[in-house]
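**Student:** Data file entry-v7.pdb (PDB, C-alpha atoms, pLDDT in the B column) is appended below.
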```pdb
ATOM      1  CA  MET A   1     -38.081  25.176 -37.180  1.00 74.00           C
ATOM      2  CA  PHE A   2     -39.638  21.972 -38.519  1.00 79.00           C
ATOM      3  CA  THR A   3     -39.183  18.438 -37.293  1.00 85.00           C
ATOM      4  CA  ALA A   4     -37.883  15.723 -39.606  1.00 86.00           C
ATOM      5  CA  GLU A   5     -41.397  14.298 -40.050  1.00 88.00           C
ATOM      6  CA  GLU A   6     -42.775  17.734 -40.893  1.00 88.00           C
ATOM      7  CA  TRP A   7     -40.069  18.291 -43.508  1.00 92.00           C
ATOM      8  CA  ASP A   8     -40.841  14.873 -44.978  1.00 93.00           C
ATOM      9  CA  ALA A   9     -44.534  15.768 -45.196  1.00 93.00           C
ATOM     10  CA  ILE A  10     -43.825  19.121 -46.867  1.00 94.00           C
ATOM     11  CA  GLN A  11     -41.389  17.670 -49.388  1.00 95.00           C
ATOM     12  CA  LEU A  12     -43.659  14.729 -50.161  1.00 96.00           C
ATOM     13  CA  SER A  13     -46.644  17.043 -50.663  1.00 96.00           C
ATOM     14  CA  LEU A  14     -44.704  19.106 -53.204  1.00 95.00           C
ATOM     15  CA  TRP A  15     -43.432  15.951 -54.914  1.00 96.00           C
ATOM     16  CA  VAL A  16     -46.898  14.379 -55.064  1.00 96.00           C
ATOM     17  CA  ALA A  17     -48.566  17.567 -56.333  1.00 96.00           C
ATOM     18  CA  THR A  18     -45.913  18.006 -59.026  1.00 96.00           C
ATOM     19  CA  TRP A  19     -46.330  14.483 -60.332  1.00 97.00           C
ATOM     20  CA  ALA A  20     -50.123  14.725 -60.123  1.00 97.00           C
ATOM     21  CA  VAL A  21     -49.990  17.724 -62.469  1.00 96.00           C
ATOM     22  CA  LEU A  22     -47.364  16.269 -64.819  1.00 96.00           C
ATOM     23  CA  ALA A  23     -49.247  12.989 -65.153  1.00 96.00           C
ATOM     24  CA  SER A  24     -52.568  14.752 -65.782  1.00 96.00           C
ATOM     25  CA  LEU A  25     -51.413  17.243 -68.416  1.00 96.00           C
ATOM     26  CA  PRO A  26     -51.017  14.805 -71.358  1.00 95.00           C
ATOM     27  CA  LEU A  27     -54.694  13.851 -70.993  1.00 96.00           C
ATOM     28  CA  ALA A  28     -56.109  17.152 -69.741  1.00 96.00           C
ATOM     29  CA  VAL A  29     -54.792  19.280 -72.635  1.00 95.00           C
ATOM     30  CA  PRO A  30     -56.322  17.278 -75.531  1.00 94.00           C
ATOM     31  CA  LEU A  31     -59.484  16.658 -73.514  1.00 94.00           C
ATOM     32  CA  GLY A  32     -59.862  20.369 -72.750  1.00 94.00           C
ATOM     33  CA  TYR A  33     -59.386  21.183 -76.446  1.00 93.00           C
ATOM     34  CA  PHE A  34     -61.869  18.480 -77.429  1.00 92.00           C
ATOM     35  CA  LEU A  35     -64.527  19.837 -75.060  1.00 92.00           C
ATOM     36  CA  ALA A  36     -63.903  23.391 -76.268  1.00 91.00           C
ATOM     37  CA  ARG A  37     -64.386  22.474 -79.918  1.00 88.00           C
ATOM     38  CA  TRP A  38     -66.917  19.620 -79.817  1.00 85.00           C
ATOM     39  CA  LYS A  39     -70.405  20.848 -80.692  1.00 81.00           C
ATOM     40  CA  ARG A  40     -72.215  17.541 -81.166  1.00 78.00           C
ATOM     41  CA  PRO A  41     -74.770  15.932 -78.820  1.00 79.00           C
ATOM     42  CA  GLY A  42     -73.323  13.785 -76.044  1.00 79.00           C
ATOM     43  CA  LYS A  43     -70.805  16.361 -74.888  1.00 83.00           C
ATOM     44  CA  TRP A  44     -72.639  16.617 -71.572  1.00 85.00           C
ATOM     45  CA  LEU A  45     -71.913  12.961 -70.859  1.00 89.00           C
ATOM     46  CA  VAL A  46     -68.159  13.449 -71.288  1.00 89.00           C
ATOM     47  CA  GLU A  47     -68.248  16.576 -69.134  1.00 90.00           C
ATOM     48  CA  THR A  48     -70.192  14.687 -66.465  1.00 90.00           C
ATOM     49  CA  MET A  49     -67.589  11.931 -66.316  1.00 92.00           C
ATOM     50  CA  VAL A  50     -64.745  14.460 -66.199  1.00 93.00           C
ATOM     51  CA  ASN A  51     -66.359  16.498 -63.418  1.00 93.00           C
ATOM     52  CA  LEU A  52     -67.487  13.511 -61.346  1.00 93.00           C
ATOM     53  CA  PRO A  53     -64.477  13.554 -58.961  1.00 93.00           C
ATOM     54  CA  LEU A  54     -65.286  17.205 -58.261  1.00 91.00           C
ATOM     55  CA  VAL A  55     -68.663  16.384 -56.727  1.00 92.00           C
ATOM     56  CA  LEU A  56     -68.063  12.907 -55.304  1.00 94.00           C
ATOM     57  CA  PRO A  57     -66.914  12.705 -51.677  1.00 94.00           C
ATOM     58  CA  PRO A  58     -63.124  12.312 -51.847  1.00 94.00           C
ATOM     59  CA  VAL A  59     -63.263   9.147 -49.752  1.00 95.00           C
ATOM     60  CA  VAL A  60     -65.603   7.610 -52.345  1.00 96.00           C
ATOM     61  CA  THR A  61     -63.160   8.532 -55.098  1.00 96.00           C
ATOM     62  CA  GLY A  62     -60.379   7.011 -53.000  1.00 95.00           C
ATOM     63  CA  TYR A  63     -62.419   3.854 -52.458  1.00 96.00           C
ATOM     64  CA  ILE A  64     -62.964   3.448 -56.206  1.00 95.00           C
ATOM     65  CA  LEU A  65     -59.258   3.957 -56.841  1.00 96.00           C
ATOM     66  CA  LEU A  66     -58.384   1.433 -54.137  1.00 95.00           C
ATOM     67  CA  VAL A  67     -60.689  -1.138 -55.714  1.00 94.00           C
ATOM     68  CA  LEU A  68     -59.076  -0.521 -59.095  1.00 95.00           C
ATOM     69  CA  PHE A  69     -55.433  -0.110 -58.076  1.00 94.00           C
ATOM     70  CA  GLY A  70     -55.211  -2.228 -54.936  1.00 90.00           C
ATOM     71  CA  ARG A  71     -52.965  -5.261 -55.029  1.00 86.00           C
ATOM     72  CA  GLN A  72     -55.914  -7.436 -56.013  1.00 86.00           C
ATOM     73  CA  GLY A  73     -57.581  -4.746 -58.109  1.00 87.00           C
ATOM     74  CA  ALA A  74     -58.456  -4.920 -61.788  1.00 89.00           C
ATOM     75  CA  LEU A  75     -55.546  -2.633 -62.663  1.00 92.00           C
ATOM     76  CA  GLY A  76     -53.331  -2.843 -59.609  1.00 90.00           C
ATOM     77  CA  GLY A  77     -53.038  -6.624 -59.745  1.00 88.00           C
ATOM     78  CA  PRO A  78     -51.668  -6.797 -63.313  1.00 91.00           C
ATOM     79  CA  LEU A  79     -49.360  -3.815 -62.673  1.00 90.00           C
ATOM     80  CA  GLN A  80     -47.851  -5.620 -59.696  1.00 87.00           C
ATOM     81  CA  ARG A  81     -47.574  -9.049 -61.340  1.00 87.00           C
ATOM     82  CA  TRP A  82     -46.294  -7.966 -64.724  1.00 90.00           C
ATOM     83  CA  PHE A  83     -44.262  -4.841 -63.965  1.00 89.00           C
ATOM     84  CA  GLY A  84     -43.666  -4.914 -60.215  1.00 87.00           C
ATOM     85  CA  ILE A  85     -45.422  -1.536 -59.834  1.00 88.00           C
ATOM     86  CA  HIS A  86     -47.177  -0.929 -56.510  1.00 88.00           C
ATOM     87  CA  ILE A  87     -49.729   1.866 -56.545  1.00 92.00           C
ATOM     88  CA  ALA A  88     -51.648   1.383 -53.305  1.00 92.00           C
ATOM     89  CA  PHE A  89     -49.941   2.639 -50.124  1.00 93.00           C
ATOM     90  CA  SER A  90     -47.108   4.325 -52.002  1.00 94.00           C
ATOM     91  CA  TRP A  91     -46.285   7.892 -53.025  1.00 94.00           C
ATOM     92  CA  ALA A  92     -47.448   6.985 -56.521  1.00 94.00           C
ATOM     93  CA  GLY A  93     -50.857   6.200 -55.057  1.00 95.00           C
ATOM     94  CA  ALA A  94     -50.915   9.592 -53.356  1.00 96.00           C
ATOM     95  CA  ALA A  95     -50.051  11.260 -56.680  1.00 96.00           C
ATOM     96  CA  LEU A  96     -52.742   9.265 -58.477  1.00 96.00           C
ATOM     97  CA  ALA A  97     -55.376  10.216 -55.905  1.00 96.00           C
ATOM     98  CA  ALA A  98     -54.386  13.888 -56.030  1.00 96.00           C
ATOM     99  CA  GLY A  99     -54.320  13.848 -59.823  1.00 96.00           C
ATOM    100  CA  VAL A 100     -57.783  12.336 -60.137  1.00 97.00           C
ATOM    101  CA  VAL A 101     -59.373  14.735 -57.659  1.00 96.00           C
ATOM    102  CA  SER A 102     -57.735  17.815 -59.201  1.00 96.00           C
ATOM    103  CA  PHE A 103     -58.263  16.711 -62.817  1.00 96.00           C
ATOM    104  CA  PRO A 104     -61.667  18.405 -63.298  1.00 95.00           C
ATOM    105  CA  LEU A 105     -60.279  21.784 -62.238  1.00 93.00           C
ATOM    106  CA  MET A 106     -57.408  21.467 -64.689  1.00 95.00           C
ATOM    107  CA  VAL A 107     -59.636  20.406 -67.586  1.00 95.00           C
ATOM    108  CA  ARG A 108     -62.138  23.183 -66.931  1.00 93.00           C
ATOM    109  CA  ALA A 109     -59.453  25.890 -66.965  1.00 91.00           C
ATOM    110  CA  ILE A 110     -57.873  24.439 -70.102  1.00 93.00           C
ATOM    111  CA  ARG A 111     -61.252  24.174 -71.843  1.00 94.00           C
ATOM    112  CA  ILE A 112     -61.969  27.838 -71.113  1.00 91.00           C
ATOM    113  CA  ALA A 113     -58.525  28.792 -72.444  1.00 91.00           C
ATOM    114  CA  PHE A 114     -59.080  26.957 -75.728  1.00 92.00           C
ATOM    115  CA  SER A 115     -62.597  28.366 -76.015  1.00 90.00           C
ATOM    116  CA  GLY A 116     -61.012  31.835 -76.111  1.00 87.00           C
ATOM    117  CA  VAL A 117     -58.854  30.951 -79.124  1.00 86.00           C
ATOM    118  CA  ASP A 118     -60.354  32.310 -82.341  1.00 85.00           C
ATOM    119  CA  GLU A 119     -61.275  29.340 -84.518  1.00 85.00           C
ATOM    120  CA  ARG A 120     -60.685  31.468 -87.609  1.00 87.00           C
ATOM    121  CA  LEU A 121     -56.963  31.439 -86.860  1.00 86.00           C
ATOM    122  CA  GLU A 122     -57.030  27.650 -86.864  1.00 85.00           C
ATOM    123  CA  GLY A 123     -58.939  27.746 -90.148  1.00 86.00           C
ATOM    124  CA  VAL A 124     -56.311  29.984 -91.730  1.00 87.00           C
ATOM    125  CA  ALA A 125     -53.562  27.590 -90.630  1.00 85.00           C
ATOM    126  CA  ARG A 126     -55.398  24.682 -92.242  1.00 85.00           C
ATOM    127  CA  THR A 127     -55.840  26.575 -95.516  1.00 85.00           C
ATOM    128  CA  LEU A 128     -52.076  27.105 -95.548  1.00 83.00           C
ATOM    129  CA  GLY A 129     -51.523  23.358 -95.432  1.00 81.00           C
ATOM    130  CA  SER A 130     -51.194  22.606 -91.725  1.00 82.00           C
ATOM    131  CA  GLY A 131     -52.707  19.365 -90.534  1.00 84.00           C
ATOM    132  CA  PRO A 132     -54.864  19.110 -87.391  1.00 84.00           C
ATOM    133  CA  LEU A 133     -51.893  18.262 -85.163  1.00 86.00           C
ATOM    134  CA  ASP A 134     -49.671  20.961 -86.633  1.00 89.00           C
ATOM    135  CA  THR A 135     -52.458  23.517 -86.216  1.00 89.00           C
ATOM    136  CA  PHE A 136     -52.978  22.498 -82.620  1.00 89.00           C
ATOM    137  CA  LEU A 137     -49.267  22.688 -81.767  1.00 89.00           C
ATOM    138  CA  SER A 138     -48.441  25.851 -83.683  1.00 90.00           C
ATOM    139  CA  VAL A 139     -51.624  27.921 -83.216  1.00 90.00           C
ATOM    140  CA  SER A 140     -54.082  26.661 -80.612  1.00 91.00           C
ATOM    141  CA  LEU A 141     -51.724  25.573 -77.850  1.00 91.00           C
ATOM    142  CA  PRO A 142     -49.458  28.658 -77.909  1.00 91.00           C
ATOM    143  CA  LEU A 143     -52.476  30.984 -77.755  1.00 90.00           C
ATOM    144  CA  ALA A 144     -53.980  29.040 -74.847  1.00 91.00           C
ATOM    145  CA  PHE A 145     -50.679  28.391 -73.089  1.00 90.00           C
ATOM    146  CA  ARG A 146     -51.218  30.794 -70.190  1.00 88.00           C
ATOM    147  CA  GLY A 147     -54.611  29.212 -69.557  1.00 87.00           C
ATOM    148  CA  VAL A 148     -53.015  25.776 -69.525  1.00 93.00           C
ATOM    149  CA  LEU A 149     -50.462  27.005 -66.977  1.00 92.00           C
ATOM    150  CA  ALA A 150     -53.222  28.555 -64.881  1.00 89.00           C
ATOM    151  CA  GLY A 151     -55.110  25.263 -64.875  1.00 91.00           C
ATOM    152  CA  SER A 152     -51.945  23.431 -63.905  1.00 94.00           C
ATOM    153  CA  MET A 153     -51.333  25.782 -60.971  1.00 92.00           C
ATOM    154  CA  LEU A 154     -54.936  25.391 -59.839  1.00 91.00           C
ATOM    155  CA  ALA A 155     -54.605  21.604 -59.959  1.00 94.00           C
ATOM    156  CA  PHE A 156     -51.293  21.860 -58.103  1.00 95.00           C
ATOM    157  CA  ALA A 157     -52.965  23.835 -55.310  1.00 93.00           C
ATOM    158  CA  ARG A 158     -55.807  21.311 -55.109  1.00 94.00           C
ATOM    159  CA  SER A 159     -53.329  18.418 -55.031  1.00 95.00           C
ATOM    160  CA  LEU A 160     -51.482  19.988 -52.088  1.00 93.00           C
ATOM    161  CA  GLY A 161     -54.688  19.949 -50.063  1.00 92.00           C
ATOM    162  CA  GLU A 162     -55.980  16.517 -51.047  1.00 94.00           C
ATOM    163  CA  PHE A 163     -56.841  14.304 -48.061  1.00 94.00           C
ATOM    164  CA  GLY A 164     -59.805  11.945 -48.454  1.00 93.00           C
ATOM    165  CA  ALA A 165     -58.843  10.048 -51.592  1.00 95.00           C
ATOM    166  CA  THR A 166     -55.176  10.068 -50.582  1.00 95.00           C
ATOM    167  CA  ILE A 167     -55.690   8.457 -47.199  1.00 95.00           C
ATOM    168  CA  MET A 168     -57.901   5.781 -48.778  1.00 95.00           C
ATOM    169  CA  LEU A 169     -55.475   4.809 -51.541  1.00 95.00           C
ATOM    170  CA  ALA A 170     -52.053   5.706 -50.132  1.00 94.00           C
ATOM    171  CA  GLY A 171     -52.649   5.592 -46.386  1.00 92.00           C
ATOM    172  CA  ASN A 172     -50.803   7.756 -43.877  1.00 92.00           C
ATOM    173  CA  ILE A 173     -47.327   6.299 -43.553  1.00 91.00           C
ATOM    174  CA  PRO A 174     -44.748   8.766 -42.171  1.00 90.00           C
ATOM    175  CA  GLY A 175     -41.882   9.271 -44.592  1.00 88.00           C
ATOM    176  CA  ARG A 176     -43.625   7.340 -47.375  1.00 92.00           C
ATOM    177  CA  THR A 177     -47.159   8.580 -47.998  1.00 93.00           C
ATOM    178  CA  GLN A 178     -47.748  11.166 -45.281  1.00 94.00           C
ATOM    179  CA  THR A 179     -48.506  14.534 -46.881  1.00 94.00           C
ATOM    180  CA  ILE A 180     -49.258  17.817 -45.126  1.00 94.00           C
ATOM    181  CA  PRO A 181     -53.033  17.158 -44.777  1.00 94.00           C
ATOM    182  CA  THR A 182     -52.556  13.631 -43.421  1.00 94.00           C
ATOM    183  CA  ALA A 183     -49.757  14.810 -41.115  1.00 93.00           C
ATOM    184  CA  VAL A 184     -52.056  17.485 -39.669  1.00 93.00           C
ATOM    185  CA  PHE A 185     -54.750  14.848 -39.227  1.00 92.00           C
ATOM    186  CA  SER A 186     -52.324  12.625 -37.321  1.00 90.00           C
ATOM    187  CA  LEU A 187     -51.106  15.470 -35.117  1.00 89.00           C
ATOM    188  CA  VAL A 188     -54.554  16.577 -34.003  1.00 90.00           C
ATOM    189  CA  GLN A 189     -55.267  13.020 -32.838  1.00 87.00           C
ATOM    190  CA  THR A 190     -52.476  13.264 -30.258  1.00 85.00           C
ATOM    191  CA  PRO A 191     -52.399  15.258 -26.991  1.00 83.00           C
ATOM    192  CA  GLY A 192     -51.225  18.803 -27.694  1.00 80.00           C
ATOM    193  CA  GLY A 193     -51.206  18.088 -31.393  1.00 78.00           C
ATOM    194  CA  VAL A 194     -53.498  20.963 -32.327  1.00 82.00           C
ATOM    195  CA  SER A 195     -50.890  23.545 -31.340  1.00 81.00           C
ATOM    196  CA  ARG A 196     -48.025  21.518 -32.861  1.00 81.00           C
ATOM    197  CA  SER A 197     -49.855  21.252 -36.171  1.00 87.00           C
ATOM    198  CA  GLY A 198     -49.920  25.038 -36.551  1.00 88.00           C
ATOM    199  CA  ARG A 199     -46.636  25.137 -38.502  1.00 89.00           C
ATOM    200  CA  LEU A 200     -47.899  22.714 -41.121  1.00 92.00           C
ATOM    201  CA  VAL A 201     -51.222  24.519 -41.361  1.00 92.00           C
ATOM    202  CA  LEU A 202     -49.371  27.791 -41.964  1.00 93.00           C
ATOM    203  CA  VAL A 203     -47.207  26.203 -44.661  1.00 92.00           C
ATOM    204  CA  SER A 204     -50.295  24.759 -46.322  1.00 91.00           C
ATOM    205  CA  VAL A 205     -52.048  28.140 -46.355  1.00 93.00           C
ATOM    206  CA  LEU A 206     -48.959  29.925 -47.724  1.00 93.00           C
ATOM    207  CA  LEU A 207     -48.446  27.378 -50.509  1.00 91.00           C
ATOM    208  CA  ALA A 208     -52.115  27.556 -51.473  1.00 90.00           C
ATOM    209  CA  CYS A 209     -52.108  31.361 -51.524  1.00 91.00           C
ATOM    210  CA  ILE A 210     -48.955  31.550 -53.654  1.00 92.00           C
ATOM    211  CA  THR A 211     -50.217  28.963 -56.124  1.00 90.00           C
ATOM    212  CA  LEU A 212     -53.654  30.553 -56.447  1.00 87.00           C
ATOM    213  CA  ALA A 213     -52.096  33.994 -56.891  1.00 88.00           C
ATOM    214  CA  VAL A 214     -49.932  32.726 -59.753  1.00 86.00           C
ATOM    215  CA  SER A 215     -52.960  31.025 -61.329  1.00 83.00           C
ATOM    216  CA  GLU A 216     -54.991  34.241 -61.087  1.00 82.00           C
ATOM    217  CA  ILE A 217     -52.201  36.304 -62.676  1.00 84.00           C
ATOM    218  CA  LEU A 218     -51.938  33.852 -65.567  1.00 79.00           C
ATOM    219  CA  GLU A 219     -55.717  33.838 -66.096  1.00 75.00           C
ATOM    220  CA  ARG A 220     -55.843  37.638 -66.203  1.00 79.00           C
ATOM    221  CA  ARG A 221     -53.008  37.774 -68.722  1.00 76.00           C
ATOM    222  CA  GLN A 222     -54.841  35.202 -70.826  1.00 67.00           C
ATOM    223  CA  GLN A 223     -58.022  37.306 -70.699  1.00 70.00           C
ATOM    224  CA  ARG A 224     -56.132  40.458 -71.675  1.00 72.00           C
ATOM    225  CA  ARG A 225     -54.623  38.650 -74.650  1.00 67.00           C
ATOM    226  CA  GLU A 226     -58.060  37.435 -75.761  1.00 60.00           C
ATOM    227  CA  SER A 227     -59.572  40.909 -75.496  1.00 64.00           C
ATOM    228  CA  ALA A 228     -56.647  42.603 -77.285  1.00 58.00           C
TER     229      ALA A 228
END
```
Please go through the file and, once you have read it, give me the structure as structure tokens.
**Tutor:**
Amino acid sequence: MFTAEEWDAIQLSLWVATWAVLASLPLAVPLGYFLARWKRPGKWLVETMVNLPLVLPPVVTGYILLVLFGRQGALGGPLQRWFGIHIAFSWAGAALAAGVVSFPLMVRAIRIAFSGVDERLEGVARTLGSGPLDTFLSVSLPLAFRGVLAGSMLAFARSLGEFGATIMLAGNIPGRTQTIPTAVFSLVQTPGGVSRSGRLVLVSVLLACITLAVSEILERRQQRRESA
């Protein structure tokens, strides 16, 4: 049904989206909690920086990442010289680009989930002797867990469809960095490619619909728990 290149693009897209989510979660969860609980002035500045990739053109985000993580970049150069890690024009670069672009969606969903957690429950845990970390792990995170999963699924769906930043940082190398969006782009540039790209377009739509449906179900369950 699918050619070898199409299978490679599908598998790589799933791989890249998975790693984009896994790499983002350790930062997105505490940041979402921080934004949900922080009431002091200056919060808008943090939110602006977090949401910037959401409003920037993806190619601009990709350009910034290429400048930073290219082989001569401020971060990419040391990573290559000291650890032998190549970010640009690799699947890791595609995951980084997808993770950065989808990060605001993940943080926003997680922030909303933590905002729905009753702060009085956290206060009770502290009066019983729990420290801030223990309270977060035993009270806040379990109560917001479905919201965290919903944010992760939303970021996963966005990562599957990432194109602009990916093609800037990772390129479009078949079998190495070619994801579903970049594969469709390549196909439509060739004679008869529009019809041949239909299979990948259908797969992309199906994956997005399934992921968004799961995210919506998790969000509704989270809302029902908060209202109970």
**Student:** Considering all atoms listed in the file, can you say which of A:Gln11, A:Thr182, A:Thr135, A:Ser115 comes closest to Met168 in chain A?
**Tutor:**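 Nearest to Met168 in chain A: A:Thr182.
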**Student:** Hey, what's within 9 Å of Ala144 in chain A if we count only C-alpha atoms and toss same-chain stuff fewer than 6 positions away? As a list in words, please?
**Tutor:**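 Everything that qualifies: Ile110, Ile112, Ala113, Phe114, Ser115, Gly116, Val117 and Gln222 of chain A.
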**Student:** Find the residues near range 55-72 of chain A: any atom within 9 Å, counting all atoms listed in the file, skip ones fewer than 6 places away on the same chain, and give them as a ChimeraX atom specification.
**Tutor:** /A:78-80,86-89,93,96-97,100-101,162-170
**Student:** Is it possible to get the residues within 12 Å of (-57.3, 18.6, -65.3) (coordinates as in the file, counting only C-alpha atoms) written as an MDAnalysis selection string?
**Tutor:** chainID A and resid 20:33 47 50:51 53:54 98:112 147:156 158:159
**Student:** Please produce a file of the residues just selected, as a compact mmCIF listing (two decimals), in the coordinates of the input, where the atoms kept are C-alpha atoms.
**Tutor:**
```txt
# COMPACT_ATOMS: atom_id res chain seq x y z
CA ALA A 20 -50.12 14.72 -60.12
CA VAL A 21 -49.99 17.72 -62.47
CA LEU A 22 -47.36 16.27 -64.82
CA ALA A 23 -49.25 12.99 -65.15
CA SER A 24 -52.57 14.75 -65.78
CA LEU A 25 -51.41 17.24 -68.42
CA PRO A 26 -51.02 14.80 -71.36
CA LEU A 27 -54.69 13.85 -70.99
CA ALA A 28 -56.11 17.15 -69.74
CA VAL A 29 -54.79 19.28 -72.64
CA PRO A 30 -56.32 17.28 -75.53
CA LEU A 31 -59.48 16.66 -73.51
CA GLY A 32 -59.86 20.37 -72.75
CA TYR A 33 -59.39 21.18 -76.45
CA GLU A 47 -68.25 16.58 -69.13
CA VAL A 50 -64.74 14.46 -66.20
CA ASN A 51 -66.36 16.50 -63.42
CA PRO A 53 -64.48 13.55 -58.96
CA LEU A 54 -65.29 17.20 -58.26
CA ALA A 98 -54.39 13.89 -56.03
CA GLY A 99 -54.32 13.85 -59.82
CA VAL A 100 -57.78 12.34 -60.14
CA VAL A 101 -59.37 14.74 -57.66
CA SER A 102 -57.74 17.82 -59.20
CA PHE A 103 -58.26 16.71 -62.82
CA PRO A 104 -61.67 18.40 -63.30
CA LEU A 105 -60.28 21.78 -62.24
CA MET A 106 -57.41 21.47 -64.69
CA VAL A 107 -59.64 20.41 -67.59
CA ARG A 108 -62.14 23.18 -66.93
CA ALA A 109 -59.45 25.89 -66.96
CA ILE A 110 -57.87 24.44 -70.10
CA ARG A 111 -61.25 24.17 -71.84
CA ILE A 112 -61.97 27.84 -71.11
CA GLY A 147 -54.61 29.21 -69.56
CA VAL A 148 -53.02 25.78 -69.53
CA LEU A 149 -50.46 27.00 -66.98
CA ALA A 150 -53.22 28.56 -64.88
CA GLY A 151 -55.11 25.26 -64.88
CA SER A 152 -51.94 23.43 -63.90
CA MET A 153 -51.33 25.78 -60.97
CA LEU A 154 -54.94 25.39 -59.84
CA ALA A 155 -54.60 21.60 -59.96
CA PHE A 156 -51.29 21.86 -58.10
CA ARG A 158 -55.81 21.31 -55.11
CA SER A 159 -53.33 18.42 -55.03
```
**Student:** Please indicate the distance in Å from CA of Trp91 in chain A to CA of Arg176 in chain A, rounded to one decimal place.
**Tutor:** 6.3 Å
**Student:** Kindly add N, CA and C atoms to the incomplete range 168-180 of chain A and provide the output as a CSV table (one decimal), keeping the file's coordinate frame.
**Tutor:**
```csv
chain,number,residue,atom,x,y,z
A,168,MET,N,-57.3,7.1,-48.4
A,168,MET,CA,-57.9,5.8,-48.8
A,168,MET,C,-57.0,4.9,-49.6
A,169,LEU,N,-56.3,5.6,-50.6
A,169,LEU,CA,-55.5,4.8,-51.5
A,169,LEU,C,-54.0,4.7,-51.1
A,170,ALA,N,-53.5,5.7,-50.5
A,170,ALA,CA,-52.1,5.7,-50.1
A,170,ALA,C,-51.8,5.5,-48.6
A,171,GLY,N,-52.8,5.7,-47.8
A,171,GLY,CA,-52.6,5.6,-46.4
A,171,GLY,C,-52.0,6.8,-45.8
A,172,ASN,N,-51.4,6.7,-44.6
A,172,ASN,CA,-50.8,7.8,-43.9
A,172,ASN,C,-49.5,7.3,-43.2
A,173,ILE,N,-48.6,6.9,-44.0
A,173,ILE,CA,-47.3,6.3,-43.6
A,173,ILE,C,-46.2,7.4,-43.5
A,174,PRO,N,-45.8,7.7,-42.3
A,174,PRO,CA,-44.7,8.8,-42.2
A,174,PRO,C,-43.5,8.4,-43.0
A,175,GLY,N,-43.1,9.4,-43.8
A,175,GLY,CA,-41.9,9.3,-44.6
A,175,GLY,C,-42.1,8.6,-45.9
A,176,ARG,N,-43.3,8.0,-46.1
A,176,ARG,CA,-43.6,7.3,-47.4
A,176,ARG,C,-44.8,7.9,-48.1
A,177,THR,N,-45.9,8.1,-47.4
A,177,THR,CA,-47.2,8.6,-48.0
A,177,THR,C,-47.8,9.7,-47.2
A,178,GLN,N,-47.1,10.1,-46.1
A,178,GLN,CA,-47.7,11.2,-45.3
A,178,GLN,C,-47.5,12.6,-45.9
A,179,THR,N,-48.6,13.2,-46.4
A,179,THR,CA,-48.5,14.5,-46.9
A,179,THR,C,-48.9,15.5,-45.8
A,180,ILE,N,-48.9,16.8,-46.1
A,180,ILE,CA,-49.3,17.8,-45.1
A,180,ILE,C,-50.7,17.6,-44.5
```
